[in-house]
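Below is the file my_file_6.pdb, which contains PDB, C-alpha atoms and all ligand atoms.
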ATOM      1  CA  MET A 155      13.719  13.236   3.366  1.00  0.00           C
ATOM      2  CA  THR A 156      15.461  16.612   3.418  1.00  0.00           C
ATOM      3  CA  LYS A 157      14.370  18.262   6.654  1.00  0.00           C
ATOM      4  CA  LYS A 158      13.733  21.582   5.000  1.00  0.00           C
ATOM      5  CA  HIS A 159      11.113  23.131   2.760  1.00  0.00           C
ATOM      6  CA  GLU A 160      12.216  24.356  -0.631  1.00  0.00           C
ATOM      7  CA  VAL A 161      10.169  27.240  -1.986  1.00  0.00           C
ATOM      8  CA  ARG A 162      10.997  27.595  -5.686  1.00  0.00           C
ATOM      9  CA  ILE A 163       8.401  30.222  -6.489  1.00  0.00           C
ATOM     10  CA  ASP A 164       8.175  33.967  -5.961  1.00  0.00           C
ATOM     11  CA  ARG A 165       5.688  34.139  -3.098  1.00  0.00           C
ATOM     12  CA  LYS A 166       5.079  37.854  -3.710  1.00  0.00           C
ATOM     13  CA  LYS A 167       3.340  36.917  -6.955  1.00  0.00           C
ATOM     14  CA  LEU A 168       0.699  34.944  -5.065  1.00  0.00           C
ATOM     15  CA  HIS A 169      -2.478  36.492  -3.714  1.00  0.00           C
ATOM     16  CA  PRO A 170      -1.519  37.766  -0.211  1.00  0.00           C
ATOM     17  CA  TRP A 171      -4.059  35.501   1.457  1.00  0.00           C
ATOM     18  CA  LEU A 172      -2.663  32.458  -0.352  1.00  0.00           C
ATOM     19  CA  ASP A 173       0.871  33.504   0.577  1.00  0.00           C
ATOM     20  CA  HIS A 174      -0.244  33.605   4.213  1.00  0.00           C
ATOM     21  CA  LYS A 175      -1.876  30.175   3.960  1.00  0.00           C
ATOM     22  CA  LEU A 176       1.230  28.770   2.285  1.00  0.00           C
ATOM     23  CA  GLY A 177       3.177  29.923   5.349  1.00  0.00           C
ATOM     24  CA  LEU A 178       0.687  28.131   7.618  1.00  0.00           C
ATOM     25  CA  LEU A 179       0.880  24.958   5.534  1.00  0.00           C
ATOM     26  CA  LEU A 180       4.692  24.910   5.672  1.00  0.00           C
ATOM     27  CA  LYS A 181       4.603  25.385   9.436  1.00  0.00           C
ATOM     28  CA  GLU A 182       2.013  22.660  10.041  1.00  0.00           C
ATOM     29  CA  CYS A 183       3.683  20.170   7.675  1.00  0.00           C
ATOM     30  CA  ALA A 184       7.056  20.655   9.413  1.00  0.00           C
ATOM     31  CA  LYS A 185       5.314  19.742  12.703  1.00  0.00           C
ATOM     32  CA  GLU A 186       4.294  16.445  11.051  1.00  0.00           C
ATOM     33  CA  GLY A 187       7.821  15.890   9.792  1.00  0.00           C
ATOM     34  CA  ILE A 188       6.820  16.467   6.161  1.00  0.00           C
ATOM     35  CA  TYR A 189       8.909  18.823   4.043  1.00  0.00           C
ATOM     36  CA  LEU A 190       7.723  20.251   0.751  1.00  0.00           C
ATOM     37  CA  ILE A 191       8.973  21.696  -2.490  1.00  0.00           C
ATOM     38  CA  ILE A 192       6.734  24.460  -3.774  1.00  0.00           C
ATOM     39  CA  THR A 193       7.095  23.916  -7.497  1.00  0.00           C
ATOM     40  CA  GLU A 194       4.607  26.287  -9.142  1.00  0.00           C
ATOM     41  CA  GLY A 195       2.808  29.479  -8.259  1.00  0.00           C
ATOM     42  CA  PHE A 196       1.710  32.370 -10.448  1.00  0.00           C
ATOM     43  CA  ARG A 197       1.677  31.757 -14.209  1.00  0.00           C
ATOM     44  CA  THR A 198       1.527  34.332 -17.008  1.00  0.00           C
ATOM     45  CA  VAL A 199      -0.522  33.834 -20.211  1.00  0.00           C
ATOM     46  CA  ALA A 200       2.665  32.809 -22.061  1.00  0.00           C
ATOM     47  CA  GLN A 201       3.639  30.290 -19.376  1.00  0.00           C
ATOM     48  CA  GLN A 202       0.132  28.821 -19.382  1.00  0.00           C
ATOM     49  CA  ASN A 203       0.167  28.532 -23.210  1.00  0.00           C
ATOM     50  CA  ALA A 204       3.522  26.726 -23.089  1.00  0.00           C
ATOM     51  CA  LEU A 205       2.037  24.282 -20.581  1.00  0.00           C
ATOM     52  CA  TYR A 206      -1.107  23.831 -22.699  1.00  0.00           C
ATOM     53  CA  ALA A 207       1.060  22.955 -25.716  1.00  0.00           C
ATOM     54  CA  LYS A 208       2.577  20.003 -23.818  1.00  0.00           C
ATOM     55  CA  GLY A 209       1.083  16.787 -25.161  1.00  0.00           C
ATOM     56  CA  ARG A 210      -0.670  18.692 -27.951  1.00  0.00           C
ATOM     57  CA  THR A 211       1.710  20.586 -30.263  1.00  0.00           C
ATOM     58  CA  LYS A 212       4.773  19.858 -28.080  1.00  0.00           C
ATOM     59  CA  PRO A 213       6.149  16.547 -26.746  1.00  0.00           C
ATOM     60  CA  GLY A 214       5.089  15.129 -23.389  1.00  0.00           C
ATOM     61  CA  ASN A 215       1.840  14.293 -21.657  1.00  0.00           C
ATOM     62  CA  ILE A 216      -1.147  16.609 -21.418  1.00  0.00           C
ATOM     63  CA  VAL A 217      -0.957  18.359 -18.052  1.00  0.00           C
ATOM     64  CA  THR A 218      -3.679  21.002 -18.304  1.00  0.00           C
ATOM     65  CA  ASN A 219      -6.947  21.734 -20.094  1.00  0.00           C
ATOM     66  CA  ALA A 220      -6.624  25.478 -19.599  1.00  0.00           C
ATOM     67  CA  ARG A 221      -5.459  27.704 -22.455  1.00  0.00           C
ATOM     68  CA  GLY A 222      -3.591  30.872 -21.483  1.00  0.00           C
ATOM     69  CA  SER A 223      -6.040  33.163 -23.277  1.00  0.00           C
ATOM     70  CA  SER A 224      -9.025  31.682 -21.418  1.00  0.00           C
ATOM     71  CA  TYR A 225      -7.659  32.555 -17.948  1.00  0.00           C
ATOM     72  CA  SER A 226      -9.001  29.174 -16.837  1.00  0.00           C
ATOM     73  CA  SER A 227      -6.108  28.130 -14.616  1.00  0.00           C
ATOM     74  CA  GLN A 228      -6.133  29.238 -10.986  1.00  0.00           C
ATOM     75  CA  HIS A 229      -2.372  29.741 -11.339  1.00  0.00           C
ATOM     76  CA  MET A 230      -3.015  32.663 -13.689  1.00  0.00           C
ATOM     77  CA  TRP A 231      -5.047  34.348 -10.948  1.00  0.00           C
ATOM     78  CA  GLY A 232      -2.370  33.816  -8.302  1.00  0.00           C
ATOM     79  CA  VAL A 233      -4.743  31.742  -6.163  1.00  0.00           C
ATOM     80  CA  ALA A 234      -2.986  28.345  -6.433  1.00  0.00           C
ATOM     81  CA  PHE A 235       0.354  26.658  -5.914  1.00  0.00           C
ATOM     82  CA  ASP A 236       1.672  23.143  -6.565  1.00  0.00           C
ATOM     83  CA  ILE A 237       3.727  21.002  -4.230  1.00  0.00           C
ATOM     84  CA  ALA A 238       5.986  17.975  -4.240  1.00  0.00           C
ATOM     85  CA  ILE A 239       7.532  16.130  -1.293  1.00  0.00           C
ATOM     86  CA  ASN A 240      11.132  17.217  -0.663  1.00  0.00           C
ATOM     87  CA  ASP A 241      12.451  13.690  -1.112  1.00  0.00           C
ATOM     88  CA  SER A 242      13.653  12.637  -4.562  1.00  0.00           C
ATOM     89  CA  LYS A 243      12.363   9.091  -4.042  1.00  0.00           C
ATOM     90  CA  ARG A 244       8.921  10.133  -2.878  1.00  0.00           C
ATOM     91  CA  LEU A 245       8.204  13.366  -4.806  1.00  0.00           C
ATOM     92  CA  TYR A 246       4.577  12.423  -5.497  1.00  0.00           C
ATOM     93  CA  ASP A 247       4.068   9.696  -2.883  1.00  0.00           C
ATOM     94  CA  THR A 248       0.308   9.226  -2.617  1.00  0.00           C
ATOM     95  CA  ASP A 249       0.354   8.651   1.147  1.00  0.00           C
ATOM     96  CA  LEU A 250       2.446  11.702   1.938  1.00  0.00           C
ATOM     97  CA  ILE A 251       0.529  13.987  -0.440  1.00  0.00           C
ATOM     98  CA  GLY A 252      -2.650  12.720   1.216  1.00  0.00           C
ATOM     99  CA  LYS A 253      -1.253  13.735   4.608  1.00  0.00           C
ATOM    100  CA  VAL A 254      -0.368  17.172   3.268  1.00  0.00           C
ATOM    101  CA  ALA A 255      -3.909  17.503   1.876  1.00  0.00           C
ATOM    102  CA  LYS A 256      -5.364  16.657   5.291  1.00  0.00           C
ATOM    103  CA  VAL A 257      -3.286  19.419   6.911  1.00  0.00           C
ATOM    104  CA  ALA A 258      -4.077  21.867   4.089  1.00  0.00           C
ATOM    105  CA  LYS A 259      -7.830  21.306   4.363  1.00  0.00           C
ATOM    106  CA  SER A 260      -7.903  21.529   8.168  1.00  0.00           C
ATOM    107  CA  ASP A 261      -9.327  24.634   9.871  1.00  0.00           C
ATOM    108  CA  LYS A 262      -5.801  25.732  10.783  1.00  0.00           C
ATOM    109  CA  VAL A 263      -4.854  26.233   7.128  1.00  0.00           C
ATOM    110  CA  GLY A 264      -8.121  26.147   5.168  1.00  0.00           C
ATOM    111  CA  LEU A 265      -7.012  25.524   1.589  1.00  0.00           C
ATOM    112  CA  GLY A 266      -8.838  23.739  -1.238  1.00  0.00           C
ATOM    113  CA  TRP A 267      -7.232  20.649  -2.787  1.00  0.00           C
ATOM    114  CA  GLY A 268      -7.122  19.740  -6.488  1.00  0.00           C
ATOM    115  CA  GLY A 269      -7.156  16.068  -5.479  1.00  0.00           C
ATOM    116  CA  ASP A 270     -10.855  16.472  -4.644  1.00  0.00           C
ATOM    117  CA  TRP A 271     -11.737  17.461  -8.216  1.00  0.00           C
ATOM    118  CA  LYS A 272     -13.939  14.864  -9.858  1.00  0.00           C
ATOM    119  CA  SER A 273     -13.175  15.325 -13.571  1.00  0.00           C
ATOM    120  CA  PHE A 274      -9.426  16.084 -13.554  1.00  0.00           C
ATOM    121  CA  PRO A 275      -7.955  15.342 -10.101  1.00  0.00           C
ATOM    122  CA  ASP A 276      -4.732  17.292  -9.568  1.00  0.00           C
ATOM    123  CA  THR A 277      -3.189  16.080  -6.317  1.00  0.00           C
ATOM    124  CA  PRO A 278      -0.161  18.440  -6.130  1.00  0.00           C
ATOM    125  CA  HIS A 279      -2.486  21.468  -6.514  1.00  0.00           C
ATOM    126  CA  PHE A 280      -3.734  23.614  -3.602  1.00  0.00           C
ATOM    127  CA  TYR A 281      -5.859  26.752  -3.882  1.00  0.00           C
ATOM    128  CA  LEU A 282      -7.698  29.557  -2.130  1.00  0.00           C
ATOM    129  CA  LYS A 283     -11.355  28.539  -1.725  1.00  0.00           C
ATOM    130  CA  LYS A 284     -12.891  32.014  -1.570  1.00  0.00           C
ATOM    131  CA  TRP A 285     -13.798  32.046  -5.289  1.00  0.00           C
ATOM    132  CA  GLY A 286     -14.824  28.396  -5.524  1.00  0.00           C
ATOM    133  CA  SER A 287     -12.934  25.500  -7.056  1.00  0.00           C
ATOM    134  CA  GLY A 288     -12.543  27.021 -10.538  1.00  0.00           C
ATOM    135  CA  THR A 289     -11.984  30.374 -12.182  1.00  0.00           C
ATOM    136  CA  GLY A 290     -15.592  31.158 -13.235  1.00  0.00           C
ATOM    137  CA  GLU A 291     -16.366  33.407 -10.288  1.00  0.00           C
ATOM    138  CA  LEU A 292     -13.033  35.228 -10.615  1.00  0.00           C
ATOM    139  CA  LYS A 293     -13.668  35.869 -14.313  1.00  0.00           C
ATOM    140  CA  ALA A 294     -17.225  37.079 -13.650  1.00  0.00           C
ATOM    141  CA  THR A 295     -16.140  39.367 -10.805  1.00  0.00           C
ATOM    142  CA  TYR A 296     -12.836  40.781 -12.070  1.00  0.00           C
ATOM    143  CA  GLY A 297     -12.618  40.039 -15.809  1.00  0.00           C
ATOM    144  CA  THR A 298      -8.866  39.645 -16.049  1.00  0.00           C
ATOM    145  CA  PRO A 299      -6.045  38.618 -13.692  1.00  0.00           C
ATOM    146  CA  ALA A 300      -4.521  42.098 -14.116  1.00  0.00           C
ATOM    147  CA  LYS A 301      -7.661  43.751 -12.703  1.00  0.00           C
ATOM    148  CA  PHE A 302      -7.841  41.177  -9.924  1.00  0.00           C
ATOM    149  CA  LYS A 303      -4.237  41.860  -8.923  1.00  0.00           C
ATOM    150  CA  LYS A 304      -5.076  45.525  -8.369  1.00  0.00           C
ATOM    151  CA  THR A 305      -7.208  44.458  -5.390  1.00  0.00           C
ATOM    152  CA  TRP A 306      -4.224  42.790  -3.672  1.00  0.00           C
ATOM    153  CA  ARG A 307      -2.621  46.068  -2.697  1.00  0.00           C
ATOM    154  CA  MET A 308      -4.138  49.160  -1.111  1.00  0.00           C
ATOM    155  CA  LYS A 309      -2.709  52.490  -0.152  1.00  0.00           C
ATOM    156  CA  VAL A 310      -3.161  54.323   3.146  1.00  0.00           C
ATOM    157  CA  LYS A 311      -5.076  57.568   2.495  1.00  0.00           C
ATOM    158  CA  ARG A 312      -5.002  59.416   5.777  1.00  0.00           C
ATOM    159  CA  LYS A 313      -2.809  62.409   6.608  1.00  0.00           C
ATOM    160  CA  LYS A 314      -1.918  61.307  10.130  1.00  0.00           C
ATOM    161  CA  GLY A 315      -1.241  57.732   9.083  1.00  0.00           C
ATOM    162  CA  LEU A 316      -3.074  54.578  10.066  1.00  0.00           C
ATOM    163  CA  LEU A 317      -2.764  52.045  12.865  1.00  0.00           C
ATOM    164  CA  ILE A 318      -2.320  48.359  12.246  1.00  0.00           C
ATOM    165  CA  TRP A 319      -4.150  46.395  14.919  1.00  0.00           C
ATOM    166  CA  LYS A 320      -3.101  43.007  16.207  1.00  0.00           C
ATOM    167  CA  ASP A 321      -6.644  41.645  16.133  1.00  0.00           C
ATOM    168  CA  ALA A 322     -10.116  42.595  14.937  1.00  0.00           C
ATOM    169  CA  ASN A 323     -11.149  43.712  18.464  1.00  0.00           C
ATOM    170  CA  LYS A 324      -8.600  46.546  18.421  1.00  0.00           C
ATOM    171  CA  LYS A 325      -7.193  45.534  21.811  1.00  0.00           C
ATOM    172  CA  ALA A 326      -3.586  46.158  20.874  1.00  0.00           C
ATOM    173  CA  SER A 327      -1.963  47.953  17.986  1.00  0.00           C
ATOM    174  CA  LEU A 328       1.206  46.821  16.228  1.00  0.00           C
ATOM    175  CA  LYS A 329       2.312  50.085  14.666  1.00  0.00           C
ATOM    176  CA  CYS A 330       1.248  53.176  12.785  1.00  0.00           C
ATOM    177  CA  VAL A 331       2.079  53.427   9.087  1.00  0.00           C
ATOM    178  CA  LYS A 332       2.463  56.628   7.084  1.00  0.00           C
ATOM    179  CA  ASN A 333       0.039  58.132   4.620  1.00  0.00           C
ATOM    180  CA  GLY A 334       0.725  56.615   1.179  1.00  0.00           C
ATOM    181  CA  THR A 335       2.064  53.286   2.495  1.00  0.00           C
ATOM    182  CA  LYS A 336       1.094  50.317   0.346  1.00  0.00           C
ATOM    183  CA  VAL A 337      -0.186  47.230   2.138  1.00  0.00           C
ATOM    184  CA  ARG A 338      -0.860  43.690   0.926  1.00  0.00           C
ATOM    185  CA  VAL A 339      -4.551  42.989   1.497  1.00  0.00           C
ATOM    186  CA  MET A 340      -5.638  39.425   2.250  1.00  0.00           C
ATOM    187  CA  HIS A 341      -9.335  40.223   2.473  1.00  0.00           C
ATOM    188  CA  VAL A 342     -11.804  42.903   3.519  1.00  0.00           C
ATOM    189  CA  LYS A 343     -14.499  42.204   6.102  1.00  0.00           C
ATOM    190  CA  ASP A 344     -16.730  44.216   8.474  1.00  0.00           C
ATOM    191  CA  TRP A 345     -14.764  47.380   9.384  1.00  0.00           C
ATOM    192  CA  TYR A 346     -11.326  46.140   8.475  1.00  0.00           C
ATOM    193  CA  ALA A 347      -8.904  44.927   5.859  1.00  0.00           C
ATOM    194  CA  ARG A 348      -6.752  42.027   6.983  1.00  0.00           C
ATOM    195  CA  VAL A 349      -3.232  42.750   5.811  1.00  0.00           C
ATOM    196  CA  LEU A 350      -0.084  40.684   5.398  1.00  0.00           C
ATOM    197  CA  LEU A 351       2.990  42.403   6.796  1.00  0.00           C
ATOM    198  CA  ALA A 352       6.538  42.086   5.483  1.00  0.00           C
ATOM    199  CA  ASP A 353       7.547  39.680   8.283  1.00  0.00           C
ATOM    200  CA  GLY A 354       4.649  37.355   7.411  1.00  0.00           C
ATOM    201  CA  SER A 355       2.485  38.398  10.355  1.00  0.00           C
ATOM    202  CA  VAL A 356      -1.094  39.560   9.989  1.00  0.00           C
ATOM    203  CA  GLY A 357      -2.720  42.839  11.000  1.00  0.00           C
ATOM    204  CA  TYR A 358      -6.048  44.652  10.816  1.00  0.00           C
ATOM    205  CA  MET A 359      -6.557  48.140   9.361  1.00  0.00           C
ATOM    206  CA  ASN A 360      -9.587  50.395   9.049  1.00  0.00           C
ATOM    207  CA  LYS A 361     -10.770  49.841   5.473  1.00  0.00           C
ATOM    208  CA  LYS A 362     -12.252  53.371   5.381  1.00  0.00           C
ATOM    209  CA  TYR A 363      -8.721  54.779   4.999  1.00  0.00           C
ATOM    210  CA  LEU A 364      -7.469  52.324   2.397  1.00  0.00           C
ATOM    211  CA  LYS A 365      -7.903  53.028  -1.301  1.00  0.00           C
TER     212      LYS A 365
HETATM  213 ZN    ZN B 401      -1.593  23.552 -10.008  1.00  0.00          ZN
END

Produce structure tokens that represent the structure in this file.
Amino acid sequence: MTKKHEVRIDRKKLHPWLDHKLGLLLKECAKEGIYLIITEGFRTVAQQNALYAKGRTKPGNIVTNARGSSYSSQHMWGVAFDIAINDSKRLYDTDLIGKVAKVAKSDKVGLGWGGDWKSFPDTPHFYLKKWGSGTGELKATYGTPAKFKKTWRMKVKRKKGLLIWKDANKKASLKCVKNGTKVRVMHVKDWYARVLLADGSVGYMNKKYLK
């Protein structure tokens, strides 16, 4: 096995919270001596349609039941990624993928696993659990992936700037960012928005000043 992860996707196109959890998964898997290839992340309508055509109007096996226009793949919402093992002989080794799933589902990482799906198990697939195991809640709440993506970034609206705190108890601050700065928002809770910083670390900001 290559002792290195290989991330083939653009992580910036993932929901910030998923990007964060992907970072945790890579870290925890390396501790177990398992190295991954991240093969798929965000998919556009056109990319999803091309995948849907496989095994139907195009050669190959059927790999998805989700049409692009239906927004029924979690990949189109940026809340899922697919993995393989970074070892050409064991790309989809059941044992190793099972170990990765155990790490991914643990409290340390907290991802959902497509291998637990009853009707169409998808073992290389991992997703953010916040909106359930499908796309129904996302569709009902946001309508389209484009509208959903607008919630991933917020802008600081405060003349004197805004502090980023290290934790939700506001014991220590990391830095102050200028009015107008855009931040990647993982989620909003209580008084704060949990944000993902450029170096991959996490901070807390007063949601009252984020628009
Ligand atoms: Zn997938």

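Residue nearest Asn360 of chain A, chosen from A:Asn219, A:Thr298, A:Ser227, A:Ser327 and counting all atoms listed in the file: A:Ser327.
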
I would like the residues chosen by the PyMOL selection byres (((not hetatm)) within 9 of (chain B and resi 401)) on the shown file; could you give them as a PyMOL selection string? chain A and resi 194-195+218+227-229+234-237+268+276-281

In terms of the shortest atom-to-atom distance over all atoms listed in the file, which of A:Gly269, A:Pro299, A:Gly315, A:Gly252 is closest to Ser223 of chain A? A:Pro299

On this structure, the PyMOL selection byres (((chain A and resi 361) around 10) and not hetatm) would catch which residues? List them as number ranges by chain, sorted by chain and number. A: 308, 310, 342-348, 358-360, 362-365

Could you state the separation of atom CA of Lys167 of chain A and atom CA of Arg307 of chain A in Å, given to one decimal place?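 Separating atom CA of Lys167 of chain A from atom CA of Arg307 of chain A is a distance of 11.7 Å.
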
Using the chain letters and numbers from this file, what does the PyMOL selection byres (((chain A and resi 306) around 12) and not hetatm) select? Give the answer as a PyMOL selection string. chain A and resi 166-173+231-233+299-305+307-309+336-342+347-350+364-365

To one decimal place, how far is atom CA of Asp241 of chain A from atom CA of Met155 of chain A in Å? 4.7 Å

By how many Å are atom CA of Ser287 of chain A and atom CA of Ser224 of chain A apart?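 Calculated distance between atom CA of Ser287 of chain A and atom CA of Ser224 of chain A is 16.1 Å.
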
A:Leu351, A:Ala200, A:Ile239, A:Cys183: which is nearest Glu160 of chain A, counting only C-alpha atoms?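 Smallest distance to Glu160 of chain A is found for A:Ile239.
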
For each of A:Ser355, A:Asn240, A:Thr335, A:Gln202, take the minimum atom-to-atom distance to Trp319 of chain A, counting all atoms listed in the file, then give the residue where this is smallest. A:Ser355

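Remark: for Gly334 of chain A, the closest of the candidate residues A:Val161, A:Leu316, A:Ala220, A:Val263 is A:Leu316 (distances computed over all atoms listed in the file).
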
Please, what is the axis-aligned box for every listed atom of segment 184-200 of chain A with 5 Å on each side, as centre and edge lengths in Å to one decimal, as AutoDock Vina command-line options?
--center_x 4.2 --center_y 25.1 --center_z -4.7 --size_x 19.5 --size_y 28.4 --size_z 44.8

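Taking all atoms listed in the file into account, Asp321 of chain A lies nearest to A:Val356 out of the set A:Gly209, A:Gly266, A:Thr193, A:Val356.
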